[in-house]
Amino acid sequence: MATLQQAAGKIKVTFKQAIGMLLPYVKNRVMEQVKSVALIIIYLVLFQTIVLQMGIVDASVIAVGLSLVVVGLTFFMEGLMLGLMPLGKLIGTKLPQKSKLPVILIFAFVLGIGATFAEPAIGILKSAGSSVKPWEAPLLFLLLNKFSNYLVYSVGVGVGIAVGFGMLRFIYKWSLKPFIYILIGGLIGYTIWAYMDPNMRALTGLAWDCGAVTTGPVTVPLVLALGIGICRIAGGASEGASGFGVVTLASLFPIIAVLILGTVFLGSVSKPMNETAFFSKKNQSKASSLFLSKEDLIGYAFKNASTESQLALFGEDKGEMLAYLKKLKTNKVLRTAVFGQESDAIENWAALYGSKDQQMVVFNHDKDAIKEAATYYARYVPPLNISDILKRNGFAAVQAIVPLTLLTMLMLVVVLREKLPHADEIMLGIVFAVFGMFLFSIGIELGLAKLGGQVGGKLPSSFMSIEMKEQIRNITNFDKGVVQTATTPDGELKEFFYLKTGSDYEEVPYYANGHDVEKGIYSYTPTKGPLYGSERGIMGIIVVLLFAFIVGYSATMAEPALNALGLTVEELTVGTFKKAILMQAVGLGVGVGITLGVAKILWGIPLIFLLLPPYILLLVITWLSTEEYVNIGWDSAGVTTGPVTVPLVLALGLGLGSQVGVTEGFGILAMASVCPILSVLTVGLIVTKNRKKVVWESLKSAPEGGTT
Amino acid sequence: MDSVKKLSRITCIVNRGLTPSIVENLNSIGIINLQIATARMLKQREKKGRFGMGSEMIFIEDPADIISFLVPSEQERAALNPIADNGGRSTPGRAMVFSKEVQLLKAHNLCHENNVDSNLEDKTLGLRTDLTGICCIVQRGEGNHVARVALDTGTCVPGITFGHGTGVRDKLGLLRITIPAEKEVINLIASSYDAEAVMDMMIDVGKLDQPGKGFIYLHPIAEGIANTKVTLGIPKHAASMEQIISEVDKIRGNTTWRRRTAADNEGDSKQKRSYLENLTNLIFTCNEGRGKELVKIAMQVGVAGATIIKLRNHHPIDSELSAISPAREECHMFVSENQILNIVDALEKEGGFDDKTHGQLLTHPILKACTYLGA
């Protein structure tokens, strides 16, 4: 073999040969991703069509979106393997060799902050907070809206400090366990204290969720590779899978940071109060401080608050409110400040949310125009703005990857003066990663999140009846003569009539308040459910919980960051800890966690009762486990909630929450982060026990000495 | 070439849990410069089949370490002693340790052999001198499939480590990403009589004579013990097979009695295989990161490629050896005798033995090798 080939520059490959090499390679990669994503997609589709018995709206758009997810993931994972991870390993081995400790720590800190700004996760949490009401949770509202930048900064600083500490830990070979005990102990204490104050209590859910979402698919490989490199240089005799543990810290420090941020702002925020009191003139200065401006406050009140509250804003003077509305119609600047930029924003609002008087003012007392607008805006679905989607996701993908990689490359080339080996592969990898993330985010938005939103919104129909607002029907020229009467077993009289749609005769219930006698129009919103068992019956609820479990499990299987972690673990342990086993254990854990989170929403269990017991149990199991498994287990949990799980879980939470009537849906993600640690550590305990037996046997058979 | 030293390279493959005590024992007798590579040991366990019908064999993978170090040939026995003494090494068939004769061609000053302090030489170690080593390099993912030959034939417990290959791949430009570079390196010891038969079986199972499938070779071993406890399971007899084999070896004084005839080997190869002979294994150890570039230089003087294995260098913190990076790479190249001089010169010119690289170049003969030889 050695004698046969002479090394001479590059080998020329014909086009046909090149295709022959590329095809199996591409096919391999694509099939891998199809396998990991298939489960969640098939499950959601089947659940919606079979269990919930509802068709999928916009099926073609969703199908396109889902295929984009597969293609995007393929490119992204390949980009990770080719570009980001080698880059991380490179800087991990060169940095400690060539720089002093302060430089290493500063780089780690900057990397941590940069990673937080790059990840889109915080933005997602903000959208989850859209249903938070400023009078129920002022502090939470403030941090999610006006001061959301501070939120991001504090999380960033938390992650930066965590990465710095993580590197320090490798260099000085400290165990991870004391860090965990101190951090978790401190967090539990802080959370209990925070629970005493109603404002802080609402914040705890957000704080723990922030920690859960920080480390995403770009941060994790970089930080992992950096850690592994540093561990190799720092040396040590008995190394298992070392280099892990930073992700854990990067998930715990931000929680403290957010709680501290909340404590800082606690004083400037009023206590929670009821809606009208919030909007009263007395409270106006405090209320405005939660918004960007007084106009912003007014706009919020119009869009989200009840009519009494709106009146309260104007000092109970209806005339003043209506006069103000009239002024808005003509004053463009003021109108933009209150209602936003669209030209028909005020009409849109009035038609859907305005009271009769407000509608009169806006539409100049034209009743026909009001009716027309009502139907138009109720049915109005904003068209798919393709260019906006492309621009937004493209920018996000570039923002997520390029700054971090540039930082790392600059560090390598300028500060450490190292040549970049296989630079073409690394560049290709970065391009793949950006392109992949771009496609993948679009796919999630158009496909997975949409699908999840549909399923989540209709999910409550399995145990309660819900209104299907988008199927509202208006029957014109309604003749009351068609209405018949039926009786219930209790002797109550219910009215209904028959509606012929197509070739079928459908029974439609008759409610007097839906009938506009003057215009001869009957409006009807169909309801659905409960599908399984009685209203709020246990059967339907079990369906929901089971659904939550399987969503958690299958979404986890698709997570790219977990994939990367699993591959790294398998590589470092030379195959003794298989990626498949790690992913199964984590998947199960996430499934259980999400089920518990959904239970929290359904039964309104305070978060603290669901969060604290598992963490205390964890402390015990951590103490019993080996260092290797502690590192891997805690890290795999920090990695789970990523770009696939989070949108799905949030859609689920929001859909359920809005139907069940719960204010904030935070906390599910935190649950989804703690349960996997338990499952992985348990697996670790079992495996270690078996292995210890083998070693103990070897050691024990020494007695007779060398008797061969 | 100046001062080509004849040394003994001792390698042992042990369960990860035993590594710290072994390293401690070695340190105590003066062996302070060690290399450790992470690996796994493959065994099989008999499990009761479903519904109580029959039984099946499942793989057990245990974390292991491959510890290797250099000593002068005369001190070989003394160096083997602590390993054999530790944790029942002498318990029949539980350990895998072997020594091979190598030549140290050139090295950085710090990368020299260890000197054993003790004179202890235990004659009752049970070392065999009629062993041959088999080393096989395959694509990642194929390791267990090929290594199980060792388990099925009861040869020994294989130790598998990860490596990555360079060679043809690097000349392809960006298309190289379609060819995976990750490899698995399988290490076995077999009785010299069986070695070729086992190698043939591995070639058949792994189709190693086809392009891109891998490379397998036999190398001579001076002394060693093999771990023959390949199967874990419910004991069916008063003594296990490897205990009996070991005792008979002792009684007979050699392993000749174990020799299998051609009739015992199922399905002999239909065609004559052509093997490569007169090859030498060139082992170049350097600091991590330098391996690829230096292999490239070697390729320019005729080397086809190399397989690079990552190791850690274990040495006392407060000695001069701490200048050597703990993260090291071991590059295995397979060359013919007449290429060696050129390679040494090329490496030296490129700084392979300077303070940045701390290079160490060893050679070890190869008895027979097989791979795809075609057009």
# chains A, B, ... in the order shown; residues from 1 in each chain; ligands from 1
>>> select_by_dssp(residues="stretch 410-561 of chain A", states="strand (DSSP E)", output="PyMOL selection string")
chain A and resi 466-467+473-475+484-487+493-501+504-509+515-516+521-524+527-528
>>> write_last_selection(atoms="N, CA, C and O atoms", output="CSV table (one decimal), in the first residue's frame")
chain,number,residue,atom,x,y,z
A,466,ILE,N,-65.0,23.7,23.3
A,466,ILE,CA,-64.4,25.0,22.9
A,466,ILE,C,-65.1,25.6,21.7
A,466,ILE,O,-65.6,24.9,20.9
A,467,GLU,N,-65.0,26.9,21.6
A,467,GLU,CA,-65.6,27.6,20.5
A,467,GLU,C,-64.7,27.6,19.3
A,467,GLU,O,-63.5,27.8,19.5
A,473,ARG,N,-70.3,31.5,11.4
A,473,ARG,CA,-71.2,31.6,10.2
A,473,ARG,C,-72.3,32.6,10.4
A,473,ARG,O,-72.8,32.8,11.4
A,474,ASN,N,-72.5,33.3,9.3
A,474,ASN,CA,-73.6,34.2,9.3
A,474,ASN,C,-74.7,33.8,8.3
A,474,ASN,O,-74.4,33.5,7.2
A,475,ILE,N,-75.9,33.6,8.9
A,475,ILE,CA,-77.0,33.2,8.0
A,475,ILE,C,-77.9,34.4,7.8
A,475,ILE,O,-78.5,35.0,8.7
A,484,GLN,N,-87.1,25.1,16.0
A,484,GLN,CA,-87.9,24.1,16.7
A,484,GLN,C,-87.4,24.0,18.2
A,484,GLN,O,-86.4,24.6,18.5
A,485,THR,N,-88.2,23.3,19.0
A,485,THR,CA,-87.8,23.2,20.4
A,485,THR,C,-87.5,21.7,20.7
A,485,THR,O,-88.3,20.8,20.3
A,486,ALA,N,-86.6,21.5,21.5
A,486,ALA,CA,-86.3,20.1,22.0
A,486,ALA,C,-86.2,20.2,23.5
A,486,ALA,O,-86.0,21.3,24.1
A,487,THR,N,-86.3,19.1,24.2
A,487,THR,CA,-86.2,19.1,25.6
A,487,THR,C,-85.0,18.2,26.1
A,487,THR,O,-84.7,17.2,25.5
A,493,LEU,N,-85.8,23.4,28.1
A,493,LEU,CA,-86.1,23.6,26.7
A,493,LEU,C,-84.9,24.2,25.9
A,493,LEU,O,-84.4,25.2,26.4
A,494,LYS,N,-84.5,23.5,24.9
A,494,LYS,CA,-83.5,24.0,24.1
A,494,LYS,C,-84.0,24.2,22.6
A,494,LYS,O,-84.7,23.3,22.1
A,495,GLU,N,-83.6,25.3,22.0
A,495,GLU,CA,-84.1,25.5,20.6
A,495,GLU,C,-83.0,25.2,19.6
A,495,GLU,O,-81.8,25.4,19.9
A,496,PHE,N,-83.4,24.8,18.4
A,496,PHE,CA,-82.5,24.5,17.4
A,496,PHE,C,-83.2,24.6,16.0
A,496,PHE,O,-84.4,24.8,16.0
A,497,PHE,N,-82.5,24.5,15.0
A,497,PHE,CA,-83.1,24.5,13.6
A,497,PHE,C,-82.2,23.7,12.7
A,497,PHE,O,-81.0,23.4,13.1
A,498,TYR,N,-82.7,23.4,11.5
A,498,TYR,CA,-81.9,22.6,10.6
A,498,TYR,C,-81.3,23.6,9.5
A,498,TYR,O,-82.0,24.5,9.1
A,499,LEU,N,-80.1,23.3,9.2
A,499,LEU,CA,-79.4,24.1,8.2
A,499,LEU,C,-78.9,23.2,7.1
A,499,LEU,O,-78.3,22.2,7.3
A,500,LYS,N,-79.3,23.6,5.8
A,500,LYS,CA,-78.9,22.7,4.7
A,500,LYS,C,-77.6,23.3,4.2
A,500,LYS,O,-77.6,24.4,3.6
A,501,THR,N,-76.5,22.5,4.3
A,501,THR,CA,-75.3,22.9,3.7
A,501,THR,C,-74.9,21.9,2.7
A,501,THR,O,-74.7,20.7,3.1
A,504,ASP,N,-76.3,18.0,2.9
A,504,ASP,CA,-76.6,17.5,4.3
A,504,ASP,C,-77.5,18.5,5.0
A,504,ASP,O,-77.4,19.7,4.8
A,505,TYR,N,-78.3,18.0,5.9
A,505,TYR,CA,-79.1,18.8,6.8
A,505,TYR,C,-78.4,18.8,8.2
A,505,TYR,O,-78.3,17.7,8.8
A,506,GLU,N,-78.0,19.9,8.6
A,506,GLU,CA,-77.2,20.0,9.9
A,506,GLU,C,-78.0,20.6,11.0
A,506,GLU,O,-78.8,21.5,10.7
A,507,GLU,N,-77.9,20.1,12.2
A,507,GLU,CA,-78.6,20.7,13.3
A,507,GLU,C,-77.7,21.8,13.9
A,507,GLU,O,-76.6,21.6,14.2
A,508,VAL,N,-78.3,22.9,14.1
A,508,VAL,CA,-77.6,24.1,14.6
A,508,VAL,C,-78.4,24.6,15.8
A,508,VAL,O,-79.6,24.9,15.7
A,509,PRO,N,-77.8,24.8,17.0
A,509,PRO,CA,-78.5,25.3,18.1
A,509,PRO,C,-78.9,26.8,17.9
A,509,PRO,O,-78.2,27.5,17.2
A,515,HIS,N,-79.1,36.4,17.2
A,515,HIS,CA,-80.0,36.7,16.2
A,515,HIS,C,-80.2,38.2,16.1
A,515,HIS,O,-80.7,38.8,17.1
A,516,ASP,N,-79.8,38.8,15.1
A,516,ASP,CA,-80.0,40.3,14.9
A,516,ASP,C,-81.3,40.4,14.1
A,516,ASP,O,-81.3,40.3,12.9
A,521,ILE,N,-80.1,38.6,10.4
A,521,ILE,CA,-78.9,37.8,10.3
A,521,ILE,C,-78.7,37.0,11.6
A,521,ILE,O,-78.8,37.6,12.7
A,522,TYR,N,-78.5,35.7,11.5
A,522,TYR,CA,-78.2,34.9,12.7
A,522,TYR,C,-76.7,34.5,12.6
A,522,TYR,O,-76.2,33.9,11.6
A,523,SER,N,-76.0,34.8,13.7
A,523,SER,CA,-74.5,34.4,13.7
A,523,SER,C,-74.3,33.3,14.7
A,523,SER,O,-74.9,33.2,15.8
A,524,TYR,N,-73.5,32.3,14.2
A,524,TYR,CA,-73.4,31.1,15.0
A,524,TYR,C,-71.9,30.7,15.0
A,524,TYR,O,-71.3,30.6,13.9
A,527,THR,N,-69.2,24.8,18.4
A,527,THR,CA,-68.3,24.4,19.4
A,527,THR,C,-67.9,22.9,19.2
A,527,THR,O,-68.6,22.3,18.4
A,528,LYS,N,-66.9,22.6,19.8
A,528,LYS,CA,-66.5,21.2,19.6
A,528,LYS,C,-66.1,20.6,21.0
A,528,LYS,O,-65.5,21.2,21.9
>>> residues_around(residues="B:Asp117", least_positions_apart="2", cutoff="10 Å", atoms="only C-alpha atoms", output="JSON, numbers by chain")
{"B": [27, 28, 29, 30, 31, 75, 78, 79, 114, 115, 119, 120]}
>>> select_by_dssp(residues="stretch 139-326 of chain A", states="helix (DSSP H, G or I)", output="VMD selection string")
chain A and resid 139 to 144 148 to 172 176 to 196 198 to 213 219 to 234 246 to 266 275 to 279 281 to 288 294 to 304 307 to 313 318 to 326
>>> closest_residue(among="A:Tyr153, A:Phe577, A:Tyr300, A:Phe435", to="chain B", atoms="only C-alpha atoms")
A:Phe577
>>> residues_around(residues="B:Pro72", least_positions_apart="3", cutoff="7 Å", atoms="only C-alpha atoms", output="list in words")
Leu7, Ser8, Gln75, Glu76 and Glu113 of chain B
>>> write_last_selection(atoms="N, CA and C atoms", output="PDB file, in the first residue's frame")
ATOM      1  N   LEU B   7      14.637  -0.721  21.957  1.00  0.00           N
ATOM      2  CA  LEU B   7      13.886  -0.604  23.204  1.00  0.00           C
ATOM      3  C   LEU B   7      12.730  -1.581  23.220  1.00  0.00           C
ATOM      4  N   SER B   8      12.090  -1.624  24.354  1.00  0.00           N
ATOM      5  CA  SER B   8      10.916  -2.469  24.488  1.00  0.00           C
ATOM      6  C   SER B   8       9.712  -1.568  24.739  1.00  0.00           C
ATOM      7  N   GLN B  75      15.182  -4.295  30.758  1.00  0.00           N
ATOM      8  CA  GLN B  75      14.328  -4.045  31.920  1.00  0.00           C
ATOM      9  C   GLN B  75      12.889  -4.452  31.682  1.00  0.00           C
ATOM     10  N   GLU B  76      12.692  -5.164  30.616  1.00  0.00           N
ATOM     11  CA  GLU B  76      11.329  -5.514  30.222  1.00  0.00           C
ATOM     12  C   GLU B  76      10.592  -6.270  31.319  1.00  0.00           C
ATOM     13  N   GLU B 113      13.194   6.825  26.838  1.00  0.00           N
ATOM     14  CA  GLU B 113      12.569   5.722  27.544  1.00  0.00           C
ATOM     15  C   GLU B 113      12.672   5.908  29.063  1.00  0.00           C
TER      16      GLU B 113
END
>>> residues_around(residues="B:Asp62", least_positions_apart="5", cutoff="8 Å", atoms="only C-alpha atoms", output="list in words")
Thr576 and Arg691 of chain A; Asn15, Arg40, Met41 and Leu42 of chain B
>>> closest_residue(among="B:Lys368, B:His314, B:His145, B:Lys183", to="chain A", atoms="only C-alpha atoms")
B:His314
>>> closest_residue(among="A:Phe302, A:Phe549, A:Trp696, A:Phe363", to="chain B", atoms="only C-alpha atoms")
A:Trp696
>>> atom_distance(atom1="atom CA of B:Gln300", atom2="atom CA of B:Leu341")
13.5 Å
>>> residues_around(residues="A:Lys12", least_positions_apart="6", cutoff="12 Å", atoms="only C-alpha atoms", output="list in words")
Ala18 of chain A; Val168, Arg169, Lys171, Leu172, Gly173, Leu174 and Leu175 of chain B
>>> closest_atom_pairs(of="stretch 185-290 of chain B", to="stretch 343-354 of chain B", cutoff="10 Å", atoms="only C-alpha atoms", output="CSV")
residue,atom,partner,partner_atom,distance
B:Leu282,CA,B:Ile343,CA,9.7
B:Phe284,CA,B:Gly352,CA,9.2
B:Thr285,CA,B:Gly352,CA,9.5
B:Cys286,CA,B:Gly352,CA,7.7
B:Asn287,CA,B:Gly352,CA,9.7
B:Arg290,CA,B:Gly352,CA,8.2
>>> decode(residues="stretch 305-317 of chain B", atoms="all heavy atoms", output="PDB file, in the first residue's frame")
ATOM      1  N   GLY B 305      -0.192   7.384   3.638  1.00  0.00           N
ATOM      2  CA  GLY B 305      -1.112   8.021   4.567  1.00  0.00           C
ATOM      3  C   GLY B 305      -0.809   7.557   5.971  1.00  0.00           C
ATOM      4  O   GLY B 305       0.153   6.824   6.206  1.00  0.00           O
ATOM      5  N   ALA B 306      -1.637   7.979   6.902  1.00  0.00           N
ATOM      6  CA  ALA B 306      -1.408   7.589   8.287  1.00  0.00           C
ATOM      7  C   ALA B 306      -2.732   7.496   9.018  1.00  0.00           C
ATOM      8  O   ALA B 306      -3.738   8.055   8.587  1.00  0.00           O
ATOM      9  CB  ALA B 306      -0.503   8.602   8.975  1.00  0.00           C
ATOM     10  N   THR B 307      -2.690   6.749  10.104  1.00  0.00           N
ATOM     11  CA  THR B 307      -3.840   6.754  11.016  1.00  0.00           C
ATOM     12  C   THR B 307      -3.377   7.410  12.301  1.00  0.00           C
ATOM     13  O   THR B 307      -2.345   7.034  12.864  1.00  0.00           O
ATOM     14  CB  THR B 307      -4.293   5.317  11.315  1.00  0.00           C
ATOM     15  OG1 THR B 307      -4.578   4.666  10.086  1.00  0.00           O
ATOM     16  CG2 THR B 307      -5.547   5.325  12.168  1.00  0.00           C
ATOM     17  N   ILE B 308      -4.135   8.405  12.731  1.00  0.00           N
ATOM     18  CA  ILE B 308      -3.707   9.188  13.886  1.00  0.00           C
ATOM     19  C   ILE B 308      -4.621   8.892  15.062  1.00  0.00           C
ATOM     20  O   ILE B 308      -5.842   8.974  14.949  1.00  0.00           O
ATOM     21  CB  ILE B 308      -3.752  10.699  13.564  1.00  0.00           C
ATOM     22  CG1 ILE B 308      -2.909  10.981  12.313  1.00  0.00           C
ATOM     23  CG2 ILE B 308      -3.253  11.509  14.741  1.00  0.00           C
ATOM     24  CD1 ILE B 308      -2.847  12.428  11.938  1.00  0.00           C
ATOM     25  N   ILE B 309      -3.977   8.547  16.189  1.00  0.00           N
ATOM     26  CA  ILE B 309      -4.734   8.243  17.403  1.00  0.00           C
ATOM     27  C   ILE B 309      -4.403   9.288  18.465  1.00  0.00           C
ATOM     28  O   ILE B 309      -3.231   9.617  18.670  1.00  0.00           O
ATOM     29  CB  ILE B 309      -4.349   6.845  17.939  1.00  0.00           C
ATOM     30  CG1 ILE B 309      -4.610   5.802  16.844  1.00  0.00           C
ATOM     31  CG2 ILE B 309      -5.156   6.499  19.173  1.00  0.00           C
ATOM     32  CD1 ILE B 309      -4.153   4.429  17.247  1.00  0.00           C
ATOM     33  N   LYS B 310      -5.444   9.780  19.124  1.00  0.00           N
ATOM     34  CA  LYS B 310      -5.183  10.771  20.165  1.00  0.00           C
ATOM     35  C   LYS B 310      -4.849  10.069  21.470  1.00  0.00           C
ATOM     36  O   LYS B 310      -5.485   9.093  21.843  1.00  0.00           O
ATOM     37  CB  LYS B 310      -6.429  11.630  20.386  1.00  0.00           C
ATOM     38  CG  LYS B 310      -6.729  12.561  19.242  1.00  0.00           C
ATOM     39  CD  LYS B 310      -7.480  13.777  19.773  1.00  0.00           C
ATOM     40  CE  LYS B 310      -8.269  14.507  18.725  1.00  0.00           C
ATOM     41  NZ  LYS B 310      -7.597  14.883  17.520  1.00  0.00           N
ATOM     42  N   LEU B 311      -3.836  10.588  22.167  1.00  0.00           N
ATOM     43  CA  LEU B 311      -3.518  10.045  23.487  1.00  0.00           C
ATOM     44  C   LEU B 311      -3.284  11.168  24.466  1.00  0.00           C
ATOM     45  O   LEU B 311      -3.142  12.310  24.090  1.00  0.00           O
ATOM     46  CB  LEU B 311      -2.216   9.243  23.463  1.00  0.00           C
ATOM     47  CG  LEU B 311      -1.634   8.644  22.280  1.00  0.00           C
ATOM     48  CD1 LEU B 311      -0.148   8.899  22.349  1.00  0.00           C
ATOM     49  CD2 LEU B 311      -1.866   7.155  22.375  1.00  0.00           C
ATOM     50  N   ARG B 312      -3.189  10.782  25.745  1.00  0.00           N
ATOM     51  CA  ARG B 312      -2.706  11.751  26.695  1.00  0.00           C
ATOM     52  C   ARG B 312      -1.348  11.259  27.191  1.00  0.00           C
ATOM     53  O   ARG B 312      -1.152  10.066  27.401  1.00  0.00           O
ATOM     54  CB  ARG B 312      -3.609  11.909  27.910  1.00  0.00           C
ATOM     55  CG  ARG B 312      -4.958  11.316  27.859  1.00  0.00           C
ATOM     56  CD  ARG B 312      -5.702  11.715  29.094  1.00  0.00           C
ATOM     57  NE  ARG B 312      -5.703  10.648  30.071  1.00  0.00           N
ATOM     58  CZ  ARG B 312      -6.471   9.587  30.014  1.00  0.00           C
ATOM     59  NH1 ARG B 312      -7.292   9.439  29.001  1.00  0.00           N
ATOM     60  NH2 ARG B 312      -6.421   8.662  30.942  1.00  0.00           N
ATOM     61  N   ASN B 313      -0.480  12.214  27.407  1.00  0.00           N
ATOM     62  CA  ASN B 313       0.808  11.871  27.971  1.00  0.00           C
ATOM     63  C   ASN B 313       0.745  12.084  29.465  1.00  0.00           C
ATOM     64  O   ASN B 313       0.341  13.155  29.936  1.00  0.00           O
ATOM     65  CB  ASN B 313       1.877  12.768  27.335  1.00  0.00           C
ATOM     66  CG  ASN B 313       3.264  12.328  27.702  1.00  0.00           C
ATOM     67  OD1 ASN B 313       3.648  12.408  28.850  1.00  0.00           O
ATOM     68  ND2 ASN B 313       3.993  11.844  26.732  1.00  0.00           N
ATOM     69  N   HIS B 314       1.094  11.067  30.198  1.00  0.00           N
ATOM     70  CA  HIS B 314       1.004  11.180  31.656  1.00  0.00           C
ATOM     71  C   HIS B 314       2.388  11.265  32.229  1.00  0.00           C
ATOM     72  O   HIS B 314       3.197  10.351  32.042  1.00  0.00           O
ATOM     73  CB  HIS B 314       0.271   9.949  32.201  1.00  0.00           C
ATOM     74  CG  HIS B 314       0.034  10.020  33.671  1.00  0.00           C
ATOM     75  ND1 HIS B 314      -0.884  10.856  34.236  1.00  0.00           N
ATOM     76  CD2 HIS B 314       0.646   9.388  34.696  1.00  0.00           C
ATOM     77  CE1 HIS B 314      -0.855  10.717  35.540  1.00  0.00           C
ATOM     78  NE2 HIS B 314       0.060   9.834  35.848  1.00  0.00           N
ATOM     79  N   HIS B 315       2.686  12.345  32.878  1.00  0.00           N
ATOM     80  CA  HIS B 315       4.006  12.498  33.486  1.00  0.00           C
ATOM     81  C   HIS B 315       3.869  13.329  34.751  1.00  0.00           C
ATOM     82  O   HIS B 315       2.878  14.026  34.935  1.00  0.00           O
ATOM     83  CB  HIS B 315       4.960  13.166  32.497  1.00  0.00           C
ATOM     84  CG  HIS B 315       4.361  14.380  31.852  1.00  0.00           C
ATOM     85  ND1 HIS B 315       4.106  14.436  30.497  1.00  0.00           N
ATOM     86  CD2 HIS B 315       3.949  15.559  32.355  1.00  0.00           C
ATOM     87  CE1 HIS B 315       3.563  15.600  30.212  1.00  0.00           C
ATOM     88  NE2 HIS B 315       3.451  16.303  31.321  1.00  0.00           N
ATOM     89  N   PRO B 316       4.859  13.255  35.630  1.00  0.00           N
ATOM     90  CA  PRO B 316       4.761  14.013  36.873  1.00  0.00           C
ATOM     91  C   PRO B 316       4.782  15.511  36.582  1.00  0.00           C
ATOM     92  O   PRO B 316       5.458  15.965  35.673  1.00  0.00           O
ATOM     93  CB  PRO B 316       6.002  13.608  37.662  1.00  0.00           C
ATOM     94  CG  PRO B 316       6.684  12.587  36.877  1.00  0.00           C
ATOM     95  CD  PRO B 316       6.066  12.452  35.534  1.00  0.00           C
ATOM     96  N   ILE B 317       4.014  16.224  37.385  1.00  0.00           N
ATOM     97  CA  ILE B 317       3.789  17.637  37.094  1.00  0.00           C
ATOM     98  C   ILE B 317       5.045  18.467  37.241  1.00  0.00           C
ATOM     99  O   ILE B 317       5.312  19.387  36.514  1.00  0.00           O
ATOM    100  CB  ILE B 317       2.719  18.209  38.042  1.00  0.00           C
ATOM    101  CG1 ILE B 317       1.532  17.250  38.083  1.00  0.00           C
ATOM    102  CG2 ILE B 317       2.262  19.566  37.568  1.00  0.00           C
ATOM    103  CD1 ILE B 317       0.543  17.558  39.160  1.00  0.00           C
TER     104      ILE B 317
END
